[in-house]
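Worksheet: the structure to be examined is printed underneath.
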Amino acid sequence: DAGITQSPRHKVTETGTPVTLRCHQTENHRYMYWYRQDPGHGLRLIHYSYGVKDTDKGEVSDGYSVSRSKTEDFLLTLESATSSQTSVYFCAISESAAGTADTQYFGPGTRLTVL
Amino acid sequence: AQKVTQAQTEISVVEKEDVTLDCVYETRDTTYYLFWYKQPPSGELVFLIRRNSFDEQNEISGRYSWNFQKSTSSFNFTITASQVVDSAVYFCALSEPQGAQKLVFGQGTRLTINP
């Protein structure tokens, strides 16, 4: 199994509060991703990182920010949580060489509920 | 834009039946990668297979087989002699070969195998 952990695994928070989710990897992979999973939508990409301090937006980035100060850690922050951000959040990692697509391996997920 | 469609939202079969999960994709890229992931009731995402667009050979792994047809933009997944442990949500995904190789997921198919 790929060495990916997410913390916390479950969180309940209130509307308007800031929330930070952490993804930690032990594989030294270059790429890290944050997805959210919602019924009827599958998984959708929020943000991704292609190296330390190098990040970019995905399909559903509004209301989220990310940071990556170390290869092993990728943080997802909800600056002011809203009920629409209630979801299951998955982190993924991959080591992609040029011209090919490496497999993305996923962490265990974080279930976030915004009341 | 890339798109993946899994038209079957839910499938229910009796154990030992064969079942096929459909996946249709859209992309303008000539090179791309296709994936299948399994999400059992425990919630983690398990990688099953990766296939690049240049390899149209069918793949068989035990009771699992995959049929890739570029002519119909489909990458279908068949489980032979299904078992209760195959009950899960299955996701098909599409990736570009360049850059961040972001995954675009289908909506998922919930497969229930009844004893």
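Order determines the names: the first chain of the structure tokens is A, the second B, and so forth; residues in each chain are numbered 1 upward, and ligands are numbered 1 upward as they are shown.
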What residues in chain B have any atom no more than 6 Å from chain A when counting only C-alpha atoms, and can you write them as a PyMOL selection string? chain B and resi 44+97-98+105-108
Which residues come within 12 Å of B:Leu48, counting only C-alpha atoms, excluding same-chain residues fewer than 6 positions away, as number ranges by chain? A: 103-105; B: 34-39, 59-62, 64-66, 77, 90-93
Do a neighbour search on B:Val85 at 10 Å with only C-alpha atoms, toss out local chain neighbours closer than 6 positions, and write the hits as a count of residues only. 6
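Candidate residues A:Ser80, A:Thr110, A:Ser61, A:Gln25 were compared for distance to A:Ser7, and the nearest is A:Thr110, using only C-alpha atoms.
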